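Heads up, upload-v2.cif below (mmCIF, C-alpha atoms and all ligand atoms):
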data_start
loop_
_atom_site.label_atom_id
_atom_site.label_comp_id
_atom_site.auth_asym_id
_atom_site.auth_seq_id
_atom_site.Cartn_x
_atom_site.Cartn_y
_atom_site.Cartn_z
CA MET A 95 -22.61 -13.93 7.51
CA ASP A 96 -24.16 -10.48 7.29
CA ARG A 97 -22.67 -7.55 5.52
CA ILE A 98 -20.65 -5.43 8.00
CA ALA A 99 -20.08 -2.36 5.82
CA PRO A 100 -21.98 -0.75 2.93
CA LYS A 101 -21.27 -2.29 -0.48
CA PRO A 102 -18.64 -0.19 -2.24
CA PRO A 103 -18.71 0.72 -5.93
CA LEU A 104 -16.87 -1.84 -8.06
CA VAL A 105 -14.12 -1.58 -10.64
CA LYS A 106 -15.23 -4.98 -11.81
CA ASP A 107 -18.40 -6.87 -10.93
CA GLY A 108 -17.11 -10.38 -11.43
CA PRO A 109 -13.98 -12.44 -10.80
CA VAL A 110 -10.47 -11.81 -12.09
CA PHE A 111 -8.30 -14.87 -12.72
CA ASN A 112 -5.27 -13.36 -14.36
CA VAL A 113 -2.74 -16.04 -13.56
CA ASN A 114 -0.64 -16.43 -16.66
CA ILE A 115 2.86 -16.03 -15.32
CA ALA A 116 5.29 -17.89 -17.53
CA PRO A 117 8.74 -18.75 -16.18
CA VAL A 118 10.19 -16.21 -18.61
CA HIS A 119 8.70 -13.50 -16.35
CA LEU A 120 10.44 -15.00 -13.34
CA SER A 121 14.03 -14.26 -14.32
CA ARG A 122 14.16 -11.16 -12.11
CA ARG A 123 14.47 -11.56 -8.35
CA LEU A 124 11.72 -9.02 -7.78
CA THR A 125 8.66 -9.56 -9.94
CA GLY A 126 7.45 -6.34 -11.55
CA THR A 127 3.92 -5.36 -10.62
CA GLU A 128 2.97 -5.56 -14.30
CA ASP A 129 4.03 -9.24 -14.30
CA LEU A 130 2.25 -10.14 -11.06
CA PHE A 131 -0.86 -12.28 -11.24
CA VAL A 132 -4.20 -10.89 -10.07
CA LEU A 133 -6.74 -13.04 -8.33
CA ALA A 134 -10.15 -11.85 -7.17
CA HIS A 135 -12.83 -14.49 -6.58
CA MET A 136 -15.91 -12.27 -6.82
CA SER A 137 -15.32 -8.60 -7.64
CA VAL A 138 -12.87 -5.72 -7.46
CA PRO A 139 -13.94 -2.79 -5.21
CA ASN A 140 -13.22 0.80 -6.16
CA LEU A 141 -12.29 2.44 -2.84
CA ASP A 142 -11.47 5.99 -1.79
CA LYS A 143 -8.70 6.04 0.81
CA ASN A 144 -10.12 9.19 2.44
CA HIS A 145 -13.38 7.40 3.17
CA TRP A 146 -11.85 4.06 4.07
CA SER A 147 -11.06 2.62 7.48
CA PHE A 148 -10.85 -0.79 9.10
CA GLU A 149 -11.69 -1.95 12.58
CA ILE A 150 -10.10 -4.28 15.10
CA CYS A 151 -12.73 -6.07 17.16
CA GLY A 152 -13.83 -9.36 18.72
CA LEU A 153 -11.83 -10.79 21.63
CA VAL A 154 -9.99 -7.54 22.43
CA ASP A 155 -10.35 -5.12 25.32
CA GLN A 156 -11.54 -2.31 23.03
CA ARG A 157 -12.84 -1.87 19.51
CA VAL A 158 -10.47 0.28 17.42
CA THR A 159 -11.11 1.99 14.08
CA ILE A 160 -8.10 2.98 11.99
CA SER A 161 -8.23 5.37 9.02
CA PHE A 162 -5.72 5.40 6.18
CA GLU A 163 -4.06 8.49 7.67
CA GLN A 164 -3.75 6.79 11.06
CA LEU A 165 -2.31 3.67 9.44
CA LEU A 166 0.50 5.79 7.98
CA ASN A 167 1.41 6.98 11.50
CA TYR A 168 2.59 3.51 12.54
CA PRO A 169 6.23 2.55 11.89
CA LYS A 170 6.62 1.60 8.23
CA ARG A 171 8.16 -1.74 7.39
CA THR A 172 9.04 -3.31 4.08
CA ILE A 173 9.36 -6.99 3.44
CA GLU A 174 10.38 -9.01 0.42
CA ALA A 175 8.28 -12.15 0.17
CA ALA A 176 7.31 -14.85 -2.27
CA LEU A 177 3.61 -14.69 -3.12
CA GLN A 178 2.03 -17.89 -4.36
CA CYS A 179 -1.54 -18.59 -5.37
CA ALA A 180 -2.67 -21.96 -3.99
CA GLY A 181 -4.33 -22.60 -7.35
CA ASN A 182 -7.86 -23.47 -8.32
CA PRO A 183 -9.79 -24.39 -5.14
CA PHE A 184 -11.78 -26.92 -7.19
CA GLU A 185 -8.53 -28.75 -8.06
CA PRO A 186 -6.42 -28.52 -4.89
CA SER A 187 -3.93 -31.21 -5.85
CA LYS A 188 -3.17 -29.73 -9.28
CA PRO A 189 0.01 -27.62 -9.41
CA ALA A 190 -0.76 -24.06 -10.48
CA ARG A 191 2.77 -22.68 -10.09
CA GLN A 192 1.58 -19.11 -9.96
CA VAL A 193 4.29 -17.51 -7.95
CA ALA A 194 6.08 -14.19 -7.71
CA ASN A 195 8.46 -12.38 -5.40
CA VAL A 196 7.52 -8.85 -4.42
CA LYS A 197 8.26 -6.13 -1.90
CA TRP A 198 5.48 -4.99 0.41
CA GLY A 199 5.39 -1.79 2.46
CA GLY A 200 3.11 -1.33 5.44
CA VAL A 201 2.61 -1.95 9.15
CA ASP A 202 3.50 -5.08 11.12
CA LEU A 203 0.48 -6.42 12.99
CA ARG A 204 2.64 -6.69 16.11
CA ASP A 205 3.03 -2.90 16.08
CA LEU A 206 -0.64 -2.40 15.30
CA PHE A 207 -1.72 -4.62 18.18
CA ALA A 208 0.84 -3.19 20.64
CA GLY A 209 -1.82 -0.98 22.25
CA VAL A 210 -4.60 -3.57 22.18
CA ARG A 211 -5.07 -6.31 24.78
CA ILE A 212 -5.97 -9.59 23.10
CA ASP A 213 -8.03 -12.05 25.15
CA PRO A 214 -5.95 -15.24 25.72
CA ALA A 215 -8.94 -17.21 24.41
CA ALA A 216 -8.38 -15.73 20.91
CA SER A 217 -6.89 -18.39 18.65
CA HIS A 218 -7.73 -17.03 15.17
CA LEU A 219 -7.64 -13.67 13.45
CA TRP A 220 -10.49 -13.28 10.98
CA ALA A 221 -9.83 -10.87 8.10
CA TYR A 222 -12.68 -9.40 6.05
CA GLY A 223 -12.42 -7.92 2.57
CA LEU A 224 -14.91 -5.40 1.19
CA ASP A 225 -15.49 -7.46 -1.95
CA TYR A 226 -18.65 -9.49 -2.33
CA GLY A 227 -20.48 -11.52 -4.93
CA GLU A 228 -20.80 -15.04 -6.20
CA PHE A 229 -18.24 -17.84 -6.19
CA GLY A 230 -18.75 -21.51 -6.99
CA GLY A 231 -22.51 -21.07 -7.09
CA ALA A 232 -22.68 -19.54 -3.58
CA GLN A 233 -23.13 -15.92 -2.53
CA ALA A 234 -20.66 -14.34 -0.12
CA SER A 235 -21.22 -10.99 1.59
CA HIS A 236 -17.45 -10.66 2.19
CA TYR A 237 -14.26 -12.47 1.30
CA ARG A 238 -13.26 -13.74 4.73
CA LYS A 239 -10.20 -15.75 5.79
CA ASP A 240 -8.41 -16.56 9.03
CA VAL A 241 -4.86 -16.75 10.34
CA PRO A 242 -3.81 -18.49 13.57
CA VAL A 243 -2.94 -15.92 16.24
CA THR A 244 0.42 -17.67 16.80
CA ARG A 245 1.44 -16.68 13.26
CA ILE A 246 0.98 -12.99 14.13
CA GLY A 247 3.21 -13.32 17.19
CA ALA A 248 5.92 -14.76 14.95
CA GLY A 249 6.07 -11.35 13.16
CA ASP A 250 6.08 -10.04 9.57
CA VAL A 251 2.31 -10.31 9.11
CA MET A 252 1.47 -6.92 7.67
CA ILE A 253 -1.19 -4.54 6.61
CA ALA A 254 0.38 -3.47 3.36
CA TYR A 255 -0.38 -0.23 1.53
CA GLU A 256 2.53 -0.43 -0.91
CA LEU A 257 3.59 -2.99 -3.50
CA ASN A 258 7.07 -2.64 -5.01
CA GLY A 259 7.33 0.91 -3.67
CA GLU A 260 4.04 2.19 -5.14
CA PRO A 261 0.57 2.51 -3.64
CA LEU A 262 -1.47 -0.66 -4.20
CA SER A 263 -3.57 -0.68 -7.35
CA SER A 264 -7.28 -1.46 -7.03
CA GLU A 265 -6.67 -5.00 -8.27
CA HIS A 266 -4.04 -5.68 -5.62
CA GLY A 267 -6.16 -4.42 -2.72
CA PHE A 268 -6.14 -0.58 -2.57
CA PRO A 269 -5.97 1.10 -0.14
CA ALA A 270 -4.67 -1.67 2.16
CA ARG A 271 -4.57 -5.44 2.47
CA LEU A 272 -3.34 -8.15 4.74
CA VAL A 273 -0.08 -9.88 3.76
CA VAL A 274 0.87 -13.13 5.47
CA PRO A 275 4.41 -14.00 4.28
CA GLY A 276 4.92 -17.75 4.09
CA PHE A 277 1.21 -18.45 3.68
CA TYR A 278 -0.52 -19.07 0.34
CA GLY A 279 -1.89 -15.93 -1.32
CA THR A 280 -5.51 -16.82 -0.54
CA ASN A 281 -4.89 -15.77 3.08
CA SER A 282 -3.67 -12.26 2.23
CA VAL A 283 -7.04 -10.51 2.23
CA LYS A 284 -7.32 -7.49 -0.07
CA TRP A 285 -9.58 -4.42 0.47
CA LEU A 286 -9.40 -5.03 4.21
CA CYS A 287 -12.25 -3.71 6.37
CA ARG A 288 -12.11 -5.72 9.60
CA LEU A 289 -9.73 -7.77 11.75
CA GLU A 290 -11.66 -9.79 14.29
CA LEU A 291 -10.12 -11.89 17.06
CA ALA A 292 -12.02 -15.12 17.66
CA ALA A 293 -11.79 -18.49 19.41
CA SER A 294 -12.44 -20.63 16.29
CA ARG A 295 -12.21 -20.66 12.51
CA PRO A 296 -14.94 -18.59 10.77
CA GLU A 297 -17.84 -19.94 8.77
CA GLY A 298 -17.95 -19.08 5.07
CA ILE A 299 -17.15 -20.75 1.78
CA PHE A 300 -13.51 -19.61 1.68
CA THR A 301 -12.65 -21.27 5.01
CA THR A 302 -14.98 -24.28 5.04
CA GLN A 303 -15.95 -25.37 1.54
CA PHE A 304 -12.72 -24.28 -0.18
CA TYR A 305 -9.04 -24.08 0.77
CA ASN A 306 -8.85 -27.12 3.06
CA ASP A 307 -6.55 -29.96 2.09
CA PRO A 308 -7.22 -33.60 2.97
CA ILE A 309 -4.68 -35.10 5.35
CA GLU A 310 -3.47 -38.68 5.58
CA GLY A 311 -5.66 -40.74 7.86
CA GLY A 312 -8.70 -38.49 7.36
CA GLY A 313 -9.70 -34.92 8.12
CA THR A 314 -8.49 -31.71 6.52
CA LYS A 315 -6.10 -28.89 7.23
CA PRO A 316 -6.41 -25.23 6.20
CA VAL A 317 -4.40 -24.08 3.18
CA TRP A 318 -2.05 -21.85 5.20
CA ALA A 319 1.72 -22.46 5.23
CA ILE A 320 3.35 -22.82 1.80
CA GLU A 321 4.82 -26.26 1.12
CA PRO A 322 8.35 -26.51 -0.32
CA GLU A 323 8.51 -25.92 -4.04
CA SER A 324 11.03 -25.24 -6.80
CA MET A 325 10.88 -24.21 -10.43
CA PHE A 326 13.41 -23.88 -13.23
CA VAL A 327 13.76 -20.49 -14.88
CA SER A 328 16.43 -21.84 -17.24
CA PRO A 329 16.15 -23.89 -19.33
CA VAL A 330 12.66 -23.10 -20.55
CA PRO A 331 10.39 -26.07 -21.30
CA ASP A 332 10.87 -27.76 -24.68
CA SER A 333 13.87 -25.67 -25.60
CA LYS A 334 16.90 -26.73 -27.62
CA MET A 335 20.30 -26.66 -25.94
CA ARG A 336 23.83 -27.01 -27.28
CA LEU A 337 26.13 -29.87 -26.29
CA GLN A 338 28.17 -27.71 -23.90
CA ALA A 339 28.29 -26.73 -20.24
CA SER A 340 25.44 -24.51 -19.15
CA GLU A 341 24.02 -23.09 -15.96
CA ILE A 342 20.68 -24.57 -14.90
CA TRP A 343 18.87 -22.35 -12.39
CA GLY A 344 15.60 -21.47 -10.78
CA TRP A 345 13.79 -20.43 -7.61
CA ALA A 346 12.81 -22.41 -4.53
CA TRP A 347 10.58 -21.32 -1.64
CA SER A 348 8.51 -22.58 1.28
CA SER A 349 7.06 -21.23 4.51
CA SER A 350 10.42 -22.14 6.08
CA PRO A 351 13.83 -21.54 4.48
CA ILE A 352 14.85 -24.05 1.81
CA LYS A 353 17.91 -26.00 2.86
CA LEU A 354 18.46 -28.16 -0.22
CA VAL A 355 17.49 -28.25 -3.89
CA GLU A 356 18.35 -31.34 -5.92
CA VAL A 357 18.30 -31.58 -9.69
CA SER A 358 17.88 -34.69 -11.82
CA PHE A 359 18.91 -34.83 -15.47
CA ASP A 360 17.52 -38.32 -16.07
CA GLY A 361 13.85 -38.03 -15.19
CA GLY A 362 14.32 -38.64 -11.46
CA ARG A 363 16.62 -41.69 -11.43
CA THR A 364 19.64 -39.87 -10.03
CA TRP A 365 19.93 -36.52 -8.25
CA ARG A 366 22.68 -33.95 -7.69
CA ASP A 367 22.71 -31.18 -5.09
CA ALA A 368 22.38 -27.69 -6.51
CA GLN A 369 23.86 -24.62 -4.86
CA THR A 370 21.13 -22.78 -3.01
CA GLU A 371 21.49 -19.26 -1.66
CA SER A 372 20.29 -18.49 1.86
CA ARG A 373 16.95 -16.82 2.38
CA GLN A 374 16.58 -13.03 2.70
CA GLU A 375 13.43 -12.11 4.64
CA HIS A 376 10.66 -14.25 3.08
CA SER A 377 12.08 -14.11 -0.43
CA TRP A 378 12.37 -17.04 -2.77
CA GLN A 379 15.89 -18.52 -3.02
CA LYS A 380 17.97 -19.02 -6.13
CA PHE A 381 19.38 -22.45 -6.88
CA SER A 382 21.86 -23.24 -9.64
CA ILE A 383 23.91 -26.12 -10.98
CA ASP A 384 26.27 -26.62 -13.91
CA TRP A 385 25.33 -29.25 -16.42
CA SER A 386 27.47 -30.73 -19.20
CA PRO A 387 25.40 -33.29 -21.08
CA ARG A 388 27.60 -36.08 -22.48
CA GLU A 389 25.64 -36.76 -25.64
CA PRO A 390 22.86 -35.26 -27.75
CA GLY A 391 19.31 -36.42 -27.10
CA GLU A 392 16.14 -35.76 -25.15
CA TYR A 393 16.42 -35.08 -21.46
CA GLU A 394 13.93 -34.66 -18.64
CA LEU A 395 15.14 -32.27 -15.94
CA ARG A 396 13.52 -32.25 -12.51
CA CYS A 397 14.07 -30.16 -9.40
CA ARG A 398 12.98 -30.87 -5.85
CA ALA A 399 13.31 -28.74 -2.73
CA THR A 400 13.60 -29.70 0.93
CA ASP A 401 12.95 -27.10 3.62
CA ASP A 402 14.32 -26.60 7.13
CA GLU A 403 11.46 -28.65 8.55
CA GLY A 404 12.56 -31.60 6.42
CA ARG A 405 9.54 -31.41 4.13
CA ILE A 406 10.23 -32.47 0.53
CA GLN A 407 8.24 -32.14 -2.68
CA PRO A 408 6.04 -35.11 -3.59
CA VAL A 409 6.37 -36.69 -7.04
CA ILE A 410 2.71 -36.40 -8.07
CA GLU A 411 -0.78 -35.35 -7.05
CA ALA A 412 0.00 -32.30 -4.95
CA ARG A 413 -0.01 -28.58 -5.64
CA ASN A 414 3.73 -28.65 -4.95
CA SER A 415 4.55 -31.82 -6.83
CA ILE A 416 7.89 -31.94 -8.62
CA TYR A 417 8.39 -29.66 -11.62
CA SER A 418 10.05 -31.02 -14.73
CA VAL A 419 11.09 -29.67 -18.12
CA ASN A 420 12.00 -31.54 -21.27
CA VAL A 421 14.83 -30.28 -23.43
CA VAL A 422 16.59 -31.46 -26.57
CA VAL A 423 20.39 -31.31 -26.57
CA GLU A 424 21.90 -30.84 -30.04
CA ARG A 425 25.45 -31.12 -31.21
N1 LIG B 1 -10.58 -9.66 -0.53
C1 LIG B 1 -9.97 -10.62 -1.26
N2 LIG B 1 -8.68 -10.89 -1.01
C2 LIG B 1 -8.04 -11.83 -1.73
C3 LIG B 1 -8.70 -12.56 -2.75
C4 LIG B 1 -10.05 -12.25 -3.00
O1 LIG B 1 -10.72 -12.83 -3.88
N3 LIG B 1 -10.64 -11.27 -2.24
N4 LIG B 1 -7.99 -13.53 -3.45
C5 LIG B 1 -6.84 -14.13 -2.76
C6 LIG B 1 -6.01 -15.01 -3.59
S1 LIG B 1 -6.63 -16.56 -3.94
C7 LIG B 1 -4.74 -14.69 -3.96
S2 LIG B 1 -3.76 -15.79 -4.76
C8 LIG B 1 -4.18 -13.33 -3.67
C9 LIG B 1 -3.65 -12.73 -4.94
O2 LIG B 1 -3.12 -11.45 -4.70
P1 LIG B 1 -2.88 -10.47 -5.93
O3 LIG B 1 -4.13 -10.47 -6.77
O4 LIG B 1 -2.56 -9.15 -5.32
O5 LIG B 1 -1.72 -11.03 -6.71
O6 LIG B 1 -5.16 -12.47 -3.10
C10 LIG B 1 -5.96 -13.07 -2.12
N5 LIG B 1 -6.71 -12.05 -1.45
MO MO B 2 -5.04 -17.76 -4.99
#

Encoded form using structure tokens:
Amino acid sequence: MDRIAPKPPLVKDGPVFNVNIAPVHLSRRLTGTEDLFVLAHMSVPNLDKNHWSFEICGLVDQRVTISFEQLLNYPKRTIEAALQCAGNPFEPSKPARQVANVKWGGVDLRDLFAGVRIDPAASHLWAYGLDYGEFGGAQASHYRKDVPVTRIGAGDVMIAYELNGEPLSSEHGFPARLVVPGFYGTNSVKWLCRLELAASRPEGIFTTQFYNDPIEGGGTKPVWAIEPESMFVSPVPDSKMRLQASEIWGWAWSSSPIKLVEVSFDGGRTWRDAQTESRQEHSWQKFSIDWSPREPGEYELRCRATDDEGRIQPVIEARNSIYSVNVVVER
């Protein structure tokens, strides 16, 4: 892939893997921007919104260039959505559990594409970021990902210019980025410079070498839709609890609404249904359950979510495998 725009100055020439969110930072429904993880594979561009634009091209009737000022003229939408990093692409079946819930402000792609005729042959939307550099021993002239065109028709895919009510910071994609609610974070391309309609997936390390999961019976599938997942916020791992009733709670999320969260207090032998709130927009959902341990001792608590499509969390060897915490109950 050739470079499609001049290389911008960089805030950081090198990757940022700032993914240390501990459950203690998850107690608020909306994750503060200061608590949100930052992930940049190669570099962080330093862009000037007055000299920035992005183009729509490929299988469309006309090529369109949109400046930051023009972007602000489209209807503004906000959406609350869980944002989850798929984890280390070298270890795709290892749970990373880097997740947050934030509020984006920007333009829905359906509104943006309202005046553009898309060729029916277009099956994928390719998104290009202005960042470049080295990842996994390979050079990339852009960070480039794709989204199936059907996902755009479903709505809520946005070009965001605000995060939690503030302009994006450089690290989070200033001046504007793609946001694909319900898809893993890797697909939400920051420092956007091009949206290209195409009839296939794009070449490039981030869509071919990395971010494809093996499927049963052979082959792979792109790391797109988030699989069901759940995490305790309380109790915290390895904590001490009193021998009394307490509320056990956490968050559950998936590309589809979560319909059930079950909790086990005996390491997965028996399960009880938790109460799970319904989903607002693409937000994560709170689950809670009362627990009155009968006797002091060590306990292993597990939670597992099932979504509307009937998908359930696997026990091991998946990025969304079941989360557990150990606690000690004292008299
Ligand atoms: N241009 C570009 N966009 C990118 C990335 C990147 O390296 N370059 N990283 C992706 C990954 S893996 C994640 S998890 C999210 C993280 O978004 P955040 O840093 O705003 O939290 O950005 C995605 N968008
Ligand atoms: Mo990620």

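Between Lys188 of chain A and the residues A:Ser294, A:Trp365, A:Glu411, A:Asp307, the shortest atom-to-atom distance, using only C-alpha atoms, involves A:Glu411.
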
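For the residues A:Gly361, A:Pro351, A:Pro183, A:Pro261, ranking by smallest atom-to-atom distance to Thr280 of chain A using all atoms listed in the file places A:Pro183 first.
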
task: Show which residues sit within 8 Å of segment 382-392 of chain A, as an MDAnalysis selection string. Count only C-alpha atoms, and ignore same-chain residues fewer than 5 positions away.
output: chainID A and resid 337:344 357 367:370 420:425

message: So that I can see what lies close to segment 285-289 of chain A, please list as a PyMOL selection string the residues with an atom at most 10 Å from it, counting all atoms listed in the file and leaving out residues fewer than 5 positions away in the same chain.
response: chain A and resi 98-99+138-141+146-152+158-160+219-225+236-240+253-254+264-272

- request: May I have the residues within 7 Å of segment 401-409 of chain A as a ChimeraX atom specification, using all atoms listed in the file and disregarding those fewer than 4 positions away in the same chain?
  value: /A:322-323,348,350-354,414-416

Output file for the selection above: C-alpha atoms, as a PDB file, in the frame of the given file:
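Below is the file that was written, result-v3.pdb:
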ATOM      1  CA  PRO A 322       8.350 -26.510  -0.320  1.00  0.00           C
ATOM      2  CA  GLU A 323       8.510 -25.920  -4.040  1.00  0.00           C
ATOM      3  CA  SER A 348       8.510 -22.580   1.280  1.00  0.00           C
ATOM      4  CA  SER A 350      10.420 -22.140   6.080  1.00  0.00           C
ATOM      5  CA  PRO A 351      13.830 -21.540   4.480  1.00  0.00           C
ATOM      6  CA  ILE A 352      14.850 -24.050   1.810  1.00  0.00           C
ATOM      7  CA  LYS A 353      17.910 -26.000   2.860  1.00  0.00           C
ATOM      8  CA  LEU A 354      18.460 -28.160  -0.220  1.00  0.00           C
ATOM      9  CA  ASN A 414       3.730 -28.650  -4.950  1.00  0.00           C
ATOM     10  CA  SER A 415       4.550 -31.820  -6.830  1.00  0.00           C
ATOM     11  CA  ILE A 416       7.890 -31.940  -8.620  1.00  0.00           C
TER      12      ILE A 416
END

field: Spatial neighbours of Leu133 of chain A, 10 Å, only C-alpha atoms, chain gap at least 4 places, as number ranges by chain
entry: A: 109-113, 137-138, 179, 181, 265-266, 279-280, 284

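Straight-line separation from atom N1 of ligand LIG 1 (chain B) to atom CA of Leu124 of chain A: 23.5 Å.
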
- prompt: Of the residues A:Leu395, A:Ala180, A:Leu130, A:Leu120, which is the one nearest to ligand MO 2 (chain B), using all atoms listed in the file?
  reply: A:Ala180

message: Rounded to one decimal, what separation in Å do you get between atom CA of Thr314 of chain A and atom CA of Glu228 of chain A?
response: 24.3 Å

field: Residue neighbourhood Ala215 of chain A, 9 Å, all atoms listed in the file, exclusion window fewer than 3 positions, as a PyMOL selection string
entry: chain A and resi 153+212+292-293

- prompt: Just how far from atom CA of Tyr417 of chain A is atom CA of Ser324 of chain A, in Å to one decimal?
  reply: 7.1 Å

statement: Among A:Ser333, A:Thr125, A:Asn195, A:Asn281, ligand MO 2 (chain B) is approached most closely, using all atoms listed in the file, by A:Asn281

- prompt: Which residue out of A:Asp202, A:Glu174, A:Glu128, A:Glu375 has the minimum interatomic distance to ligand LIG 1 (chain B) when all atoms listed in the file are used?
  reply: A:Glu128

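Residue nearest Gly227 of chain A within the list A:Glu321, A:Glu290, A:Asp107, A:Asp129: A:Asp107 [criterion: smallest interatomic distance, only C-alpha atoms].
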
The centre and edge lengths of an axis-aligned box containing all atoms of segment 271-283 of chain A present in the file, extended by 5 Å on each side, are to be given in Å to one decimal, as AutoDock Vina command-line options.
--center_x -1.1 --center_y -12.3 --center_z 2.1 --size_x 22.0 --size_y 23.6 --size_z 16.8
